[in-house]
Amino acid sequence: MATHGLPKTPWSALDIADLPPPEALLLDAMRAWGAARTPLPAAALVLAAEGAEGLAVPMDALLRTAGPALRCTLCPETGPDEAALLMALGLAQHNSRSCALAMLLRVAAPLPAYKSMGAVLTLAGGMRALGLMLANPFTSAG
């Protein structure tokens, strides 16, 4: 699947203070996951701020399978892989599965990207069920 021609992600190299709250929560949880010796509890602790600690399991599966490059917890800007994951989750939440997969292909090789889709759909659906709506990257800049 070609990934060229997709719009630039609205969260690329963006100051994390400018992210919408659901995206900021996910980014904080992803970075906590990446920085911890025991990643699953670290992500769950961050997600618990919004009552979403149960979503740490699909997040763990996504990050282990896709293997994105995550920045440190204090880095002030989003990294390319982080922005692509946020965009993939937003697209999945807004029923653009093929576009979400295309964003995952920016982060991972085809097989890990395909394997990550179940976790992406679970995480995006769980966020929606909790009322944490991600921005649709194709219609708004976040």
# chains A, B, ... in the order shown; residues from 1 in each chain; ligands from 1
call {"tool": "residues_around", "arguments": {"residues": "Met59 in chain A", "least_positions_apart": "3", "cutoff": "10 Å", "atoms": "only C-alpha atoms", "output": "ChimeraX atom specification"}}
result
/A:26,29-30,33,40,43-44,54-56,62-65,116,119-120,122-124
call {"tool": "select_by_dssp", "arguments": {"residues": "range 3-93 of chain A", "states": "alpha helix (DSSP H)", "output": "MDAnalysis selection string"}}
result
chainID A and resid 21:35 39:47 56:66 80:93
call {"tool": "residues_around", "arguments": {"residues": "Asp15 in chain A", "least_positions_apart": "2", "cutoff": "7 Å", "atoms": "only C-alpha atoms", "output": "list in words"}}
result
Ala13, Ala17, Asp18, Pro76, Glu77 and Thr78 of chain A
call {"tool": "write_last_selection", "arguments": {"atoms": "N, CA, C and O atoms", "output": "short mmCIF file (atom, residue, chain, number, x, y, z; two decimals), in the first residue's frame"}}
result
data_model
loop_
_atom_site.label_atom_id
_atom_site.label_comp_id
_atom_site.auth_asym_id
_atom_site.auth_seq_id
_atom_site.Cartn_x
_atom_site.Cartn_y
_atom_site.Cartn_z
N ALA A 13 5.83 17.40 14.61
CA ALA A 13 6.70 18.45 15.15
C ALA A 13 5.90 19.57 15.81
O ALA A 13 6.23 20.74 15.70
N ALA A 17 2.08 20.84 24.09
CA ALA A 17 1.10 21.65 24.82
C ALA A 17 -0.07 22.06 23.92
O ALA A 17 -1.14 22.40 24.42
N ASP A 18 0.12 22.00 22.60
CA ASP A 18 -0.92 22.38 21.66
C ASP A 18 -1.80 21.21 21.22
O ASP A 18 -2.74 21.39 20.46
N PRO A 76 9.65 18.36 24.06
CA PRO A 76 8.54 19.30 23.86
C PRO A 76 7.76 19.14 22.55
O PRO A 76 6.72 19.76 22.39
N GLU A 77 8.26 18.33 21.61
CA GLU A 77 7.59 18.19 20.32
C GLU A 77 7.29 16.72 20.03
O GLU A 77 7.96 15.84 20.52
N THR A 78 6.29 16.51 19.20
CA THR A 78 5.97 15.16 18.77
C THR A 78 6.99 14.69 17.74
O THR A 78 7.46 15.48 16.92
#
call {"tool": "atom_distance", "arguments": {"atom1": "CA of Ala35 in chain A", "atom2": "CA of Arg71 in chain A"}}
result
8.7 Å
call {"tool": "residues_around", "arguments": {"residues": "Gly51 in chain A", "least_positions_apart": "6", "cutoff": "12 Å", "atoms": "only C-alpha atoms", "output": "number ranges by chain"}}
result
A: 25, 44-45, 126-127, 129-132
call {"tool": "residues_around", "arguments": {"residues": "Val107 in chain A", "least_positions_apart": "3", "cutoff": "8 Å", "atoms": "only C-alpha atoms", "output": "PyMOL selection string"}}
result
chain A and resi 66-68+81+84-85+103-104+113
call {"tool": "closest_residue", "arguments": {"among": "A:Leu47, A:Ala61, A:Ala135, A:Leu101", "to": "Ala32 in chain A", "atoms": "only C-alpha atoms"}}
result
A:Leu47
call {"tool": "atom_distance", "arguments": {"atom1": "CA of Gly34 in chain A", "atom2": "CA of Thr73 in chain A"}}
result
8.6 Å
call {"tool": "closest_residue", "arguments": {"among": "A:Arg128, A:Ser96, A:Met87, A:Thr38", "to": "Ala52 in chain A", "atoms": "only C-alpha atoms"}}
result
A:Arg128
call {"tool": "closest_residue", "arguments": {"among": "A:Ala48, A:Arg106, A:Glu53, A:Pro20", "to": "Pro80 in chain A", "atoms": "only C-alpha atoms"}}
result
A:Arg106
call {"tool": "closest_residue", "arguments": {"among": "A:Pro41, A:Leu111, A:Asp28, A:His94", "to": "Asn136 in chain A", "atoms": "only C-alpha atoms"}}
result
A:His94
call {"tool": "atom_distance", "arguments": {"atom1": "CA of Thr139 in chain A", "atom2": "CA of Cys75 in chain A"}}
result
27.1 Å
call {"tool": "closest_residue", "arguments": {"among": "A:Val57, A:Leu14, A:Leu19, A:Met117", "to": "Arg97 in chain A", "atoms": "only C-alpha atoms"}}
result
A:Met117
call {"tool": "closest_residue", "arguments": {"among": "A:Leu27, A:Cys72, A:Leu86, A:Ala100", "to": "Gly118 in chain A", "atoms": "only C-alpha atoms"}}
result
A:Ala100
